[in-house]
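What follows is a single structure, written as structure tokens, with notes after it.
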Amino acid sequence: MMKRLLFTAVTLIAMIGSAAAQIYFDPEVEANLITNRVQLPASPLDMQVLFIGNFDKVQHTAIYGNPAGETEAKQWHDFIGFTPDTTGQSMGWVSVNHERQETNDLIGDGGGMTVFQVARDPDTDSLIILDQTLNDGRQGKFFNVDFVNTVGETGMNCGGVISPVDGRIWTAEEWFRSPTNISDRDQSRFVIGEGTVNGQLAPVGFDGFDGDTIEKYQNYNYMVEIDPRQAVAVRKQYNWGRQPFEGGAVMPDNKTVYLGADATPGYFTKFEADVAGDFTKGKTYVYSHVAPTKWIEIDNTDLDKMLNFGSEAAAVGATMFNRIEWVAYTASDNSVYFTETGRDRPGSRFLRWDTLGAEIAPHHIARATAQGADSVTSGDYWDYYGRIMKYDPSTNEVSVHLEGGPFIEDSVAWGLGDYPDKHLSNPDGLSSITVLPGTPRERQYLVICEDLNGTSYGRMPKPLTNRGCELFLLDMTIQNPTLDDLIRITTTPFGAEVTGAVGTPDGKTLLVNSQHPSSSNPFPFNNSLTFAITGFDRFATSLEENQFEEGASFSIYPNPVARMLYMNKVTDVAIFTLDGKRVKTASNTDHIDVQDLASGVYVIKNIEGEAMKLIIE
């Protein structure tokens with residue numbers, strides 16, 4: 001059958017005859033891999049476009065001798081950060097990475113970031129973008145983050161870090177620079193805390209390294225802290241090591257940070273601050289599954305070791321992963337999750353660093369054995385789909401939480417008509433959202449974004465060569481999840497990666513990016529864009545048993561019914577079995593054909609949360 005919805009993802013607990021019943025409205029949508037726009041989410045969720053690359057205007061500072069002003073925003077939206085407004089005057093600030101690197105006289109060479117402030121409309125729950133005036137005098141809605149005048153240019157801003165403690169934001173510089181692939185207008189050696197010899201300013205330095213001189217290309221590939229309230233960079237985190245960073249997570253102690261690097265091998269690292277909230281002093285570690293304590297310190301007071309972190313990690317026996325992407329902390333189980341997005345044939349890359357002393361992750365050895373490959377370092381070992389990994393801070397153990405796939409032979413002509421219902425390909429972006437926080441019905445979900453490494457081996461149905469990426473939720477109450485447990489929320493248009501997904505603190509909204517779509521898509525889906533999916537608080541609704549009766553505002557007839565069921569108004573409805581399986585849906589209608597359902601007792605629920613017993617003869 002076509003890749004579509006399995007109606008089993010969210011639990012319906014309906015205890016007819018007991019004092020109460022609880023229904024979780026399933027927001028899953030059918031997969032649509034042939035689309036030129038963002039797929040609209042299912043009811044009760046709503047979507048709105050917030051920010052469009054190369055269309056919305058950003059306010060920029062004076063750089064490269066040019067005055068401050070206004071220009072079009074950059075493209076390739078990736079990471080999204082959210083910083084709550086503790087004053088209560090708004091919801092907070094949204095920070096959007098721009099992964100695309102370009103020369104730009106007005107908003108800086110390389111990658112970049114845009115920030116804007118949002119509030120919630122009390123009548124519609126939609127988001128409102130607010131006008132601001134910053135301390136540097138800029139006025140408007142969208143603001144370019146100034147890296148040039150603070151820490152030097154930034155490069156290929158991909159993932160990042162959001163502190164759950166205070167909303168501090170770091171952006172990740174992924175693409176690894178070398179002397180041969182840097183093309184900055186000023187390639188002078190860089191003095192940390194001072195800038196370059198030719199006068200590019202960087203007054204915000206780094207305690208311990210201020211005054212040290214490095215090559216200009218060595219001033220890339222760090223986690224870079226920004227202040228989203230004032231749209232300015234704060235510092236490059238030299239003491240976390242120079243790596244092709246992608247994701248990270250600050251723990252609730254406000255001292256421990258877990259980090260991942262997008263490379264093969266990619267290393268899982270940790271920073272522990274001496275003082276909570278001060279990330280300029282502390283110790284840096286790399287994960288090694290063969291080490292007695294699992295963590296090996298790399299001296300972060302030695303700038304040379306920080307500049308050559310990969311070699312230092314290999315020399316001490318660090319564990320090699322296959323492209324670590326985003327890292328997420330989940331409070332529900334006090335664990336850290338990260339995506340290992342995979343690489344088709346990683347053997348030669350593992351082999352190079354294996355000879356330098358690094359250790360291959362045990363799950364890759366087990367996979368190679370199961371495949372019948374000669375070894376992980378051989379050319380016949382494959383890792384097409386990637387996976388979700390779990391790190392348990394209480395045991396320091398790393399394990400596979402959810403494997404991608406299922407595996408499909410490239411020679412098999414899986415078409416649209418027989419493609420698997422759920423296929424997880426190259427998970428990349430990762431975060432969590434807590435629905436109905438602070439209530440008895442609080443529930444946390446992992447938010448998983450795909451970024452396909454290719455279209456072969458089942459990453460797309462055989463006839464399709466244009467990538468189609470999906471956004472999934474995964475209920476964290478499920479101890480041993482399978483692919484069928486994934487809840488599909490949306491898909492992105494032709495050519496686009498889905499990324500950046502992050503929940504707002506009130507649990508109502510996911511902020512999501514559609515990155516580098518095909519230019520042939522209709523506006524605005526031909527540009528990178530940031531959109532909001534709102535209504536997650538509405539898919540978890542408690543109902544007293546007497547609500548399973550006909551009410552004045554919603555009624556059905558006939559009941560019992562054999563074929564056509566009618567409602568007294570046009571609405572969206574879902575029909576559930578009593579053991580929690582959603583078996584039928586209908587949108588924007590006043591009738592639904594139920595003749596294909598087996599005889600028995602069901603529950604029918606509409607988008608307004610009204611539900612009642614339904615008997616099918």
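Residues are named by chain letter and number: chains run A, B, ... in the order of the structure tokens, numbers start at 1 in each chain, and ligands are numbered from 1 in the order shown.
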Env of A:Ser348: 7 Å cut, atoms = only C-alpha atoms, seq-sep filter 4 positions within chain, self excluded. Answer as a ChimeraX atom specification. /A:352,377-379
Those selected residues, please, written with C-alpha atoms and delivered as a PDB file, in the first residue's frame.
ATOM      1  CA  ARG A 352      41.560   5.836   8.864  1.00  0.00           C
ATOM      2  CA  THR A 377      36.045  -0.803   8.121  1.00  0.00           C
ATOM      3  CA  SER A 378      35.461  -2.761   4.924  1.00  0.00           C
ATOM      4  CA  GLY A 379      33.772  -1.445   1.806  1.00  0.00           C
TER       5      GLY A 379
END
Please provide the set of residues having any atom within 7 Å of A:Ser399, restricted to only C-alpha atoms, with same-chain residues fewer than 4 positions apart removed, written as an NGL selection string. :A and (389-391)
How would the residues just chosen look if you wrote them out with C-alpha atoms as an mmCIF file, in the first residue's frame?
data_model
loop_
_atom_site.group_PDB
_atom_site.id
_atom_site.type_symbol
_atom_site.label_atom_id
_atom_site.label_comp_id
_atom_site.auth_asym_id
_atom_site.auth_seq_id
_atom_site.Cartn_x
_atom_site.Cartn_y
_atom_site.Cartn_z
ATOM 1 C CA MET A 389 20.771 6.661 20.050
ATOM 2 C CA LYS A 390 20.200 6.882 23.805
ATOM 3 C CA TYR A 391 22.717 7.852 26.481
#
For stretch 525-541 of chain A, list every protein, DNA or RNA residue within 8 Å, evaluated using only C-alpha atoms, and leave out those in the same chain fewer than 5 positions away; present the list as a ChimeraX atom specification. /A:22-27,36-38,41,44-54,75-77,125-127,435-436,441,493,507-520,609
Please provide as a list in words all residues within 8 Å of A:Lys584, with the sequence filter that same-chain residues fewer than 2 positions apart are discarded (counting only C-alpha atoms). Phe7, Ala574, Ile575, Phe576, Arg582 and Ala586 of chain A
Shell around A:His423 at 10 Å using only C-alpha atoms, local window under 3 positions removed, as a list of chain:residue names: A:Lys3, A:Tyr385, A:Gly404, A:Gly405, A:Pro406, A:Phe407, A:Ile408, A:Tyr419, A:Pro420, A:Asn426, A:Gly458, A:Arg459, A:Met460, A:Glu470, A:Leu483, A:Asp484, A:Leu486
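Each of A:Thr103, A:Ser163, A:Thr280, A:Gln132 was checked against A:Arg185 using only C-alpha atoms; the smallest atom-to-atom distance is that of A:Thr103.
Separating atom CA of A:Gly137 from atom CA of A:Ile107 is a distance of 16.0 Å.
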When DSSP works through the backbone of this structure, what residues of stretch 265-509 of chain A end up as strand (DSSP E), shown as a PyMOL selection string? chain A and resi 268-275+278-287+295-298+319-320+324-330+335-340+359-360+387-392+397-403+427-435+443-450+470-475+487-491+497-503+509
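Neighbours of A:Phe143 closer than or equal to 8 Å, with only C-alpha atoms counted and sequence neighbours fewer than 6 positions away skipped, come out as Val58, Gln59, His60, Thr114, Val115, Phe116 and Ala231 of chain A.
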Neighbour list for stretch 80-91 of chain A as number ranges by chain, cut-off 8 Å, only C-alpha atoms, skip fewer than 3 positions in-chain: A: 94-97, 117-120, 160-162, 166-169, 228, 500-502, 504-505, 511-513
Under the rule that only C-alpha atoms are counted, which of A:Ile182, A:Ala42, A:Leu303, A:Ala249 is the nearest residue to A:Phe206? A:Leu303
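Shortest atom-to-atom contact with A:Glu72 among A:Gln139, A:Asn144, A:Thr482, A:Thr477: A:Asn144, counting only C-alpha atoms.
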